[in-house]
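Chemist: Sharing a structure below in C-alpha cells format, with a few things to ask.
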2 protein chains.
Amino acid sequence: MKPQKKSVPNNERLAEVYRTAAQIILRKGYDATSINDIANALGMTKAGLYHYINGKKELLFDIMNFGLDELDEEVVTPARAIADPSARLRFIIASHAQLVTRGQGAITILVDEITALQPAQNRIITRRKREYFDRLRGVLDELKSQGKLHDVDTTAATFSLLGMINWLSRWFRQDGDLTQGQVAEQITRIALNGLLRPESRSTQSVFKVVKKR
Amino acid sequence: MKPQKKSVPNNERLAEVYRTAAQIILRKGYDATSINDIANALGMTKAGLYHYINGKKELLFDIMNFGLDELDEEVVTPARAIADPSARLRFIIASHAQLVTRGQGAITILVDEITALQPAQNRIITRRKREYFDRLRGVLDELKSQGKLHDVDTTAATFSLLGMINWLSRWFRQDGDLTQGQVAEQITRIALNGLLRPESRSTQSVFKVVKKR
C-alpha cells in the first residue's frame, strides 16, 4: 500500500504526533529512531502515521517548523500589536514561557539542539530562529535607546532570556508545585527585573522597591 | 593487545579526550558513537585512547563526573569561603559562567541532556546535579530570609539561573564579539539585577539606580 501524503490532518492529533516523535528522537537520537518506533508509541499503524507525516527524511524539519509556526502565531504576531516596548517584552517572555510549558517541551529542545537536518532544511530553520532572535534583540535595542534598559549588552541579554525560557522545557513539570501560569509569571518577573530599569517596569514593581527603602 | 586501564593520565590531555568525545556523542548520539570515532577525531589509536578511558560503557559517566568535578573545584569549593551570600552568589554565577565558556560547552550539554546512563550511574549523576542545585537554591533562600531577594520563587529562580548559564554552552563563541570574561560579567549582571533588590547589589549598581531618578 502506498503511504498517503499528509492532507488536512486534525491539528491537535498532528501536534500529538510531533510531540511524541520529538520525545522519541530526543531519547534515541534521530538516526536510531524509526517510523515504526513513533507509530508504536502513538498506538497507530505505520500507514496511519503516514496520514500525518511525509516520511522520516522530512519529519525533523516538519516538527521544527511546527514549533516555529506556533511561536509565530502565539508570540510574534500578537506582540506586533503592542506599541510600548516594555509591555511588548513582557508579553513575549510570558507567552513564550507559556508555550514551552504547555507541552511543547520536547519540540523546543529539538528545535534548539538537533542538527541532523539536510543543508537546505538547516538553512531555513536557522534563518527562522535567527529572525526570532533578531526580533527579540530589536525590542531590547529599542528599550536601550529609550534609556529603559540596564547597562547590558543586548546580544548577551537576548541569549540569556532564551536560555531561561528554553530551559523550562527541561525542568517544568505539569504536576509540580508551580502551575504553568505561575512559572511564566516568575520567569517574566526575573527577566524584567534583570533587564529593565526599575522606573521602566510596571507600577507595582516600582512601589515594591520604593517601599523597601 | 589488551587495552591498558587508565592510570595517571595527563589532565589536560584527558580534558581534551573528554571534550572531543562529548562533541561526537552530541553530534552522533551515544549509541551511534564508537570508540574508533573518538580515537580518529583525536588522531589517536584505539589502544592509545584506552590509556585515558575505561571503555564505552563507562565513558559517558566518566565525562559527566569530570564536568561535575570541575564544577566542584572551581565553583563550589571556593564559594564556601565567601561568607556574604550576595558576594557568594556573584562568585558562583561568574565562575560557573567562566567554566562553561572555557571550552567545557559540550560537556555541560552532555551532563544536562544525555540520559543514556545505566541506572546506578544515573542515580549518582542525578544526585550530584541535585546537590549543586540545592546549594545554589540555598544561597537564594539565605538572601530571601535576609530580605535581599526580589519577590521570586527560589526554585524557579535557581532553574532560571542555570538556564542562563548552561545556555552559554550553545551560543558562546571564542571568536565572537564578547570575550569570555565579558560574557561572564554580562550574565552575572543580568542575573543579579533579576534576583537581588537594588540595595543588596554592589555600591556601583545602587548609585546608578539612584542617579537615574
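Convention: chains lettered A, B, ... in C-alpha cells order; per-chain residue numbering from 1; ligands numbered from 1 as shown.
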So which residues touch Asn122 (chain B) within 12 Å, counting only C-alpha atoms, skipping near sequence neighbours fewer than 5 positions away, as an mmCIF file with all heavy atoms, in the first residue's frame?
Modeler:
```cif
data_model
loop_
_atom_site.group_PDB
_atom_site.id
_atom_site.type_symbol
_atom_site.label_atom_id
_atom_site.label_comp_id
_atom_site.auth_asym_id
_atom_site.auth_seq_id
_atom_site.Cartn_x
_atom_site.Cartn_y
_atom_site.Cartn_z
ATOM 1 N N GLU B 58 31.643 3.045 30.298
ATOM 2 C CA GLU B 58 31.953 3.959 31.393
ATOM 3 C C GLU B 58 32.147 5.395 30.919
ATOM 4 O O GLU B 58 32.192 6.313 31.737
ATOM 5 C CB GLU B 58 33.251 3.518 32.095
ATOM 6 C CG GLU B 58 33.164 2.176 32.803
ATOM 7 C CD GLU B 58 32.251 2.244 34.022
ATOM 8 O OE1 GLU B 58 32.267 3.273 34.709
ATOM 9 O OE2 GLU B 58 31.503 1.275 34.254
ATOM 10 N N LEU B 60 30.531 7.806 29.165
ATOM 11 C CA LEU B 60 29.554 8.871 29.394
ATOM 12 C C LEU B 60 29.577 9.287 30.866
ATOM 13 O O LEU B 60 29.616 10.476 31.205
ATOM 14 C CB LEU B 60 28.168 8.325 29.018
ATOM 15 C CG LEU B 60 27.075 9.299 28.664
ATOM 16 C CD1 LEU B 60 27.504 10.242 27.559
ATOM 17 C CD2 LEU B 60 25.819 8.518 28.233
ATOM 18 N N PHE B 61 29.582 8.284 31.726
ATOM 19 C CA PHE B 61 29.608 8.504 33.176
ATOM 20 C C PHE B 61 30.887 9.234 33.581
ATOM 21 O O PHE B 61 30.849 10.175 34.387
ATOM 22 C CB PHE B 61 29.503 7.138 33.857
ATOM 23 C CG PHE B 61 29.434 7.177 35.359
ATOM 24 C CD1 PHE B 61 28.407 7.857 36.008
ATOM 25 C CD2 PHE B 61 30.373 6.504 36.124
ATOM 26 C CE1 PHE B 61 28.340 7.876 37.396
ATOM 27 C CE2 PHE B 61 30.299 6.515 37.510
ATOM 28 C CZ PHE B 61 29.286 7.200 38.140
ATOM 29 N N ASP B 62 32.015 8.801 33.019
ATOM 30 C CA ASP B 62 33.294 9.440 33.355
ATOM 31 C C ASP B 62 33.328 10.901 32.911
ATOM 32 O O ASP B 62 33.817 11.766 33.638
ATOM 33 C CB ASP B 62 34.468 8.678 32.703
ATOM 34 C CG ASP B 62 34.708 7.325 33.368
ATOM 35 O OD1 ASP B 62 34.197 7.114 34.489
ATOM 36 O OD2 ASP B 62 35.383 6.482 32.761
ATOM 37 N N MET B 64 30.759 12.918 32.517
ATOM 38 C CA MET B 64 29.865 13.701 33.374
ATOM 39 C C MET B 64 30.501 13.962 34.734
ATOM 40 O O MET B 64 30.428 15.079 35.261
ATOM 41 C CB MET B 64 28.533 12.970 33.545
ATOM 42 C CG MET B 64 27.720 12.941 32.262
ATOM 43 S SD MET B 64 26.106 12.170 32.543
ATOM 44 C CE MET B 64 25.449 12.160 30.873
ATOM 45 N N ASN B 65 31.133 12.955 35.298
ATOM 46 C CA ASN B 65 31.803 13.157 36.585
ATOM 47 C C ASN B 65 32.947 14.154 36.471
ATOM 48 O O ASN B 65 33.160 14.968 37.373
ATOM 49 C CB ASN B 65 32.318 11.817 37.139
ATOM 50 C CG ASN B 65 31.228 11.085 37.897
ATOM 51 O OD1 ASN B 65 30.587 11.642 38.788
ATOM 52 N ND2 ASN B 65 30.998 9.835 37.534
ATOM 53 N N VAL B 111 26.135 16.680 30.345
ATOM 54 C CA VAL B 111 25.710 16.466 31.736
ATOM 55 C C VAL B 111 24.215 16.737 31.876
ATOM 56 O O VAL B 111 23.512 16.066 32.624
ATOM 57 C CB VAL B 111 26.513 17.363 32.709
ATOM 58 C CG1 VAL B 111 25.927 17.317 34.116
ATOM 59 C CG2 VAL B 111 27.976 16.940 32.741
ATOM 60 N N ASP B 112 23.732 17.724 31.134
ATOM 61 C CA ASP B 112 22.347 18.128 31.340
ATOM 62 C C ASP B 112 21.340 17.458 30.417
ATOM 63 O O ASP B 112 20.153 17.570 30.618
ATOM 64 C CB ASP B 112 22.243 19.646 31.237
ATOM 65 C CG ASP B 112 22.556 20.265 32.569
ATOM 66 O OD1 ASP B 112 21.813 19.981 33.514
ATOM 67 O OD2 ASP B 112 23.560 20.977 32.674
ATOM 68 N N GLU B 113 21.800 16.763 29.426
ATOM 69 C CA GLU B 113 20.844 16.269 28.443
ATOM 70 C C GLU B 113 20.830 14.783 28.219
ATOM 71 O O GLU B 113 19.796 14.211 27.921
ATOM 72 C CB GLU B 113 21.154 16.889 27.090
ATOM 73 C CG GLU B 113 20.708 18.294 27.039
ATOM 74 C CD GLU B 113 21.179 18.936 25.773
ATOM 75 O OE1 GLU B 113 21.489 18.224 24.808
ATOM 76 O OE2 GLU B 113 21.239 20.164 25.776
ATOM 77 N N ILE B 114 21.995 14.189 28.249
ATOM 78 C CA ILE B 114 22.066 12.803 27.813
ATOM 79 C C ILE B 114 21.625 11.883 28.946
ATOM 80 O O ILE B 114 22.058 12.028 30.079
ATOM 81 C CB ILE B 114 23.497 12.456 27.348
ATOM 82 C CG1 ILE B 114 23.948 13.438 26.273
ATOM 83 C CG2 ILE B 114 23.573 11.031 26.845
ATOM 84 C CD1 ILE B 114 23.150 13.429 25.006
ATOM 85 N N THR B 115 20.756 10.973 28.631
ATOM 86 C CA THR B 115 20.174 10.130 29.664
ATOM 87 C C THR B 115 20.529 8.665 29.433
ATOM 88 O O THR B 115 19.913 7.784 30.009
ATOM 89 C CB THR B 115 18.645 10.295 29.678
ATOM 90 O OG1 THR B 115 18.174 10.104 28.340
ATOM 91 C CG2 THR B 115 18.247 11.663 30.160
ATOM 92 N N ALA B 116 21.554 8.414 28.614
ATOM 93 C CA ALA B 116 21.899 7.042 28.238
ATOM 94 C C ALA B 116 22.749 6.336 29.296
ATOM 95 O O ALA B 116 23.478 5.407 28.998
ATOM 96 C CB ALA B 116 22.616 7.038 26.890
ATOM 97 N N LEU B 117 22.654 6.774 30.547
ATOM 98 C CA LEU B 117 23.431 6.133 31.605
ATOM 99 C C LEU B 117 22.758 4.863 32.099
ATOM 100 O O LEU B 117 21.543 4.706 31.978
ATOM 101 C CB LEU B 117 23.580 7.095 32.789
ATOM 102 C CG LEU B 117 24.408 8.357 32.580
ATOM 103 C CD1 LEU B 117 24.269 9.258 33.802
ATOM 104 C CD2 LEU B 117 25.865 8.021 32.326
ATOM 105 N N ARG B 127 22.166 12.710 41.607
ATOM 106 C CA ARG B 127 22.403 13.188 42.976
ATOM 107 C C ARG B 127 23.401 14.348 42.977
ATOM 108 O O ARG B 127 23.200 15.355 43.659
ATOM 109 C CB ARG B 127 22.941 12.036 43.841
ATOM 110 C CG ARG B 127 22.765 12.284 45.342
ATOM 111 C CD ARG B 127 23.699 11.398 46.149
ATOM 112 N NE ARG B 127 25.095 11.668 45.813
ATOM 113 C CZ ARG B 127 26.043 10.732 45.700
ATOM 114 N NH1 ARG B 127 25.756 9.463 45.869
ATOM 115 N NH2 ARG B 127 27.289 11.088 45.399
ATOM 116 N N ARG B 128 24.458 14.225 42.181
ATOM 117 C CA ARG B 128 25.471 15.300 42.140
ATOM 118 C C ARG B 128 24.874 16.589 41.574
ATOM 119 O O ARG B 128 25.162 17.678 42.051
ATOM 120 C CB ARG B 128 26.677 14.875 41.294
ATOM 121 C CG ARG B 128 27.505 13.765 41.912
ATOM 122 C CD ARG B 128 28.847 13.600 41.196
ATOM 123 N NE ARG B 128 29.731 14.735 41.456
ATOM 124 C CZ ARG B 128 30.970 14.837 41.000
ATOM 125 N NH1 ARG B 128 31.477 13.870 40.254
ATOM 126 N NH2 ARG B 128 31.708 15.908 41.261
ATOM 127 N N LYS B 129 24.049 16.460 40.519
ATOM 128 C CA LYS B 129 23.412 17.650 39.942
ATOM 129 C C LYS B 129 22.457 18.276 40.957
ATOM 130 O O LYS B 129 22.373 19.493 41.097
ATOM 131 C CB LYS B 129 22.661 17.288 38.654
ATOM 132 C CG LYS B 129 23.582 17.035 37.475
ATOM 133 C CD LYS B 129 22.901 16.315 36.334
ATOM 134 C CE LYS B 129 21.780 17.106 35.702
ATOM 135 N NZ LYS B 129 21.236 16.377 34.518
ATOM 136 N N ARG B 130 21.749 17.421 41.650
ATOM 137 C CA ARG B 130 20.786 17.869 42.649
ATOM 138 C C ARG B 130 21.490 18.611 43.792
ATOM 139 O O ARG B 130 20.990 19.611 44.309
ATOM 140 C CB ARG B 130 20.034 16.634 43.181
ATOM 141 C CG ARG B 130 18.990 16.927 44.238
ATOM 142 C CD ARG B 130 17.761 17.537 43.608
ATOM 143 N NE ARG B 130 17.039 18.358 44.548
ATOM 144 C CZ ARG B 130 15.740 18.623 44.448
ATOM 145 N NH1 ARG B 130 15.043 18.148 43.439
ATOM 146 N NH2 ARG B 130 15.158 19.383 45.330
#
```
Chemist: Which residues come within 10 Å of Thr188 (chain A), counting only C-alpha atoms, excluding same-chain residues fewer than 6 positions away, as a list in words?
Modeler: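 The filter keeps Leu89, Arg90, Phe91, Ile92, Ile93, Ala94, Ser95, His96, Ala97, Leu161, Met164, Ile165, Gln182 and Gly194 of chain A; Gly194 of chain B.
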Chemist: May I have a table of the residues of chain B lying at most 6 Å from chain A, giving each one's closest pair of atoms and their distance in Å to one decimal, counting only C-alpha atoms, ordered by chain and ascending residue number, as a Markdown table?
Modeler:
```
| residue | atom | partner | partner_atom | distance |
| --- | --- | --- | --- | --- |
| B:Gly29 | CA | A:Gly29 | CA | 5.6 |
| B:Ser160 | CA | A:Met164 | CA | 4.8 |
| B:Gly163 | CA | A:Met164 | CA | 4.7 |
| B:Met164 | CA | A:Gly163 | CA | 4.7 |
| B:Trp167 | CA | A:Gly163 | CA | 5.0 |
| B:Ile190 | CA | A:Gly194 | CA | 4.7 |
| B:Ala191 | CA | A:Gly194 | CA | 5.9 |
| B:Asn193 | CA | A:Gly194 | CA | 4.3 |
| B:Gly194 | CA | A:Gly194 | CA | 3.4 |
```
Chemist: With DSSP run on the backbone, what are the helix (DSSP H, G or I) residues within region 18-138 of chain A? I'd like them as a ChimeraX atom specification.
Modeler: /A:18-28,35-42,46-49,56-80,85-101,105-113,119-138
Chemist: Quick one, how far is CA of Met44 (chain A) from CA of Arg173 (chain A)?
Modeler: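 Between CA of Met44 (chain A) and CA of Arg173 (chain A) the gap works out to 26.6 Å.
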Chemist: Excluding Ser34 (chain B) and its own-chain neighbours fewer than 4 positions away, which residues fall within 12 Å of it when counting only C-alpha atoms? Please give them as a PyMOL selection string.
Modeler: chain B and resi 21+24-25+28-30+38-41+46+49+55-57+59
Chemist: I need the residue nearest Thr179 (chain A) from this list: A:Arg102, A:Tyr52, A:Ala81, A:Ala87. Use only C-alpha atoms for the distance.
Modeler: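 Of the candidates, the smallest distance to Thr179 (chain A) is held by A:Arg102.
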Chemist: Could you list, as a PyMOL selection string, every residue within 10 Å of Ser169 (chain A), counting only C-alpha atoms and ignoring same-chain residues fewer than 6 positions away?
Modeler: chain A and resi 97+99-109
Chemist: Need to verify the contact set: Asp84 (chain B), 12 Å, only C-alpha atoms, exclusion of same-chain residues closer than 2 positions in sequence. Can you return it as a ChimeraX atom specification?
Modeler: /B:79-82,86-91,139-140,142-143,146,148,200-201
Chemist: Grab the residues selected above and save them as an mmCIF file, in the first residue's frame with N, CA, C and O atoms.
Modeler:
```
data_model
loop_
_atom_site.group_PDB
_atom_site.id
_atom_site.type_symbol
_atom_site.label_atom_id
_atom_site.label_comp_id
_atom_site.auth_asym_id
_atom_site.auth_seq_id
_atom_site.Cartn_x
_atom_site.Cartn_y
_atom_site.Cartn_z
ATOM 1 N N ALA B 79 33.531 28.881 46.656
ATOM 2 C CA ALA B 79 32.363 29.658 47.110
ATOM 3 C C ALA B 79 32.130 29.480 48.604
ATOM 4 O O ALA B 79 31.638 30.389 49.278
ATOM 5 N N ARG B 80 32.502 28.307 49.125
ATOM 6 C CA ARG B 80 32.290 28.030 50.561
ATOM 7 C C ARG B 80 32.984 29.044 51.449
ATOM 8 O O ARG B 80 32.550 29.320 52.561
ATOM 9 N N ALA B 81 34.094 29.601 50.948
ATOM 10 C CA ALA B 81 34.889 30.527 51.766
ATOM 11 C C ALA B 81 34.310 31.934 51.789
ATOM 12 O O ALA B 81 34.823 32.807 52.487
ATOM 13 N N ILE B 82 33.234 32.182 51.026
ATOM 14 C CA ILE B 82 32.680 33.541 50.940
ATOM 15 C C ILE B 82 31.478 33.652 51.869
ATOM 16 O O ILE B 82 30.432 33.039 51.629
ATOM 17 N N SER B 86 25.399 37.577 49.086
ATOM 18 C CA SER B 86 25.346 38.301 47.804
ATOM 19 C C SER B 86 26.659 38.115 47.049
ATOM 20 O O SER B 86 26.665 37.844 45.841
ATOM 21 N N ALA B 87 27.764 38.245 47.763
ATOM 22 C CA ALA B 87 29.073 38.074 47.139
ATOM 23 C C ALA B 87 29.255 36.622 46.693
ATOM 24 O O ALA B 87 29.838 36.342 45.641
ATOM 25 N N ARG B 88 28.728 35.677 47.500
ATOM 26 C CA ARG B 88 28.830 34.260 47.144
ATOM 27 C C ARG B 88 28.046 33.965 45.862
ATOM 28 O O ARG B 88 28.518 33.281 44.968
ATOM 29 N N LEU B 89 26.844 34.541 45.784
ATOM 30 C CA LEU B 89 26.036 34.336 44.577
ATOM 31 C C LEU B 89 26.742 34.901 43.355
ATOM 32 O O LEU B 89 26.817 34.257 42.303
ATOM 33 N N ARG B 90 27.282 36.103 43.506
ATOM 34 C CA ARG B 90 28.015 36.722 42.406
ATOM 35 C C ARG B 90 29.168 35.825 41.951
ATOM 36 O O ARG B 90 29.361 35.577 40.764
ATOM 37 N N PHE B 91 29.926 35.296 42.917
ATOM 38 C CA PHE B 91 31.059 34.438 42.572
ATOM 39 C C PHE B 91 30.588 33.162 41.857
ATOM 40 O O PHE B 91 31.178 32.734 40.858
ATOM 41 N N VAL B 139 21.627 29.405 48.623
ATOM 42 C CA VAL B 139 22.128 30.779 48.656
ATOM 43 C C VAL B 139 20.960 31.757 48.453
ATOM 44 O O VAL B 139 20.842 32.767 49.150
ATOM 45 N N LEU B 140 20.082 31.421 47.504
ATOM 46 C CA LEU B 140 18.927 32.301 47.255
ATOM 47 C C LEU B 140 17.980 32.329 48.462
ATOM 48 O O LEU B 140 17.450 33.387 48.818
ATOM 49 N N GLU B 142 18.840 31.924 51.555
ATOM 50 C CA GLU B 142 19.520 32.735 52.568
ATOM 51 C C GLU B 142 19.300 34.224 52.283
ATOM 52 O O GLU B 142 18.975 35.004 53.189
ATOM 53 N N LEU B 143 19.451 34.609 51.005
ATOM 54 C CA LEU B 143 19.242 36.012 50.623
ATOM 55 C C LEU B 143 17.792 36.422 50.843
ATOM 56 O O LEU B 143 17.507 37.545 51.255
ATOM 57 N N GLN B 146 16.993 37.191 54.364
ATOM 58 C CA GLN B 146 17.578 38.473 54.782
ATOM 59 C C GLN B 146 16.896 39.661 54.089
ATOM 60 O O GLN B 146 17.359 40.800 54.205
ATOM 61 N N LYS B 148 16.877 40.325 50.972
ATOM 62 C CA LYS B 148 17.704 40.888 49.905
ATOM 63 C C LYS B 148 17.261 40.449 48.511
ATOM 64 O O LYS B 148 17.798 40.931 47.508
ATOM 65 N N SER B 200 20.843 45.613 47.707
ATOM 66 C CA SER B 200 21.672 44.470 48.090
ATOM 67 C C SER B 200 22.766 44.178 47.076
ATOM 68 O O SER B 200 23.555 43.269 47.245
ATOM 69 N N ARG B 201 22.760 44.940 45.961
ATOM 70 C CA ARG B 201 23.796 44.737 44.954
ATOM 71 C C ARG B 201 25.032 45.554 45.306
ATOM 72 O O ARG B 201 25.118 46.151 46.370
#
```
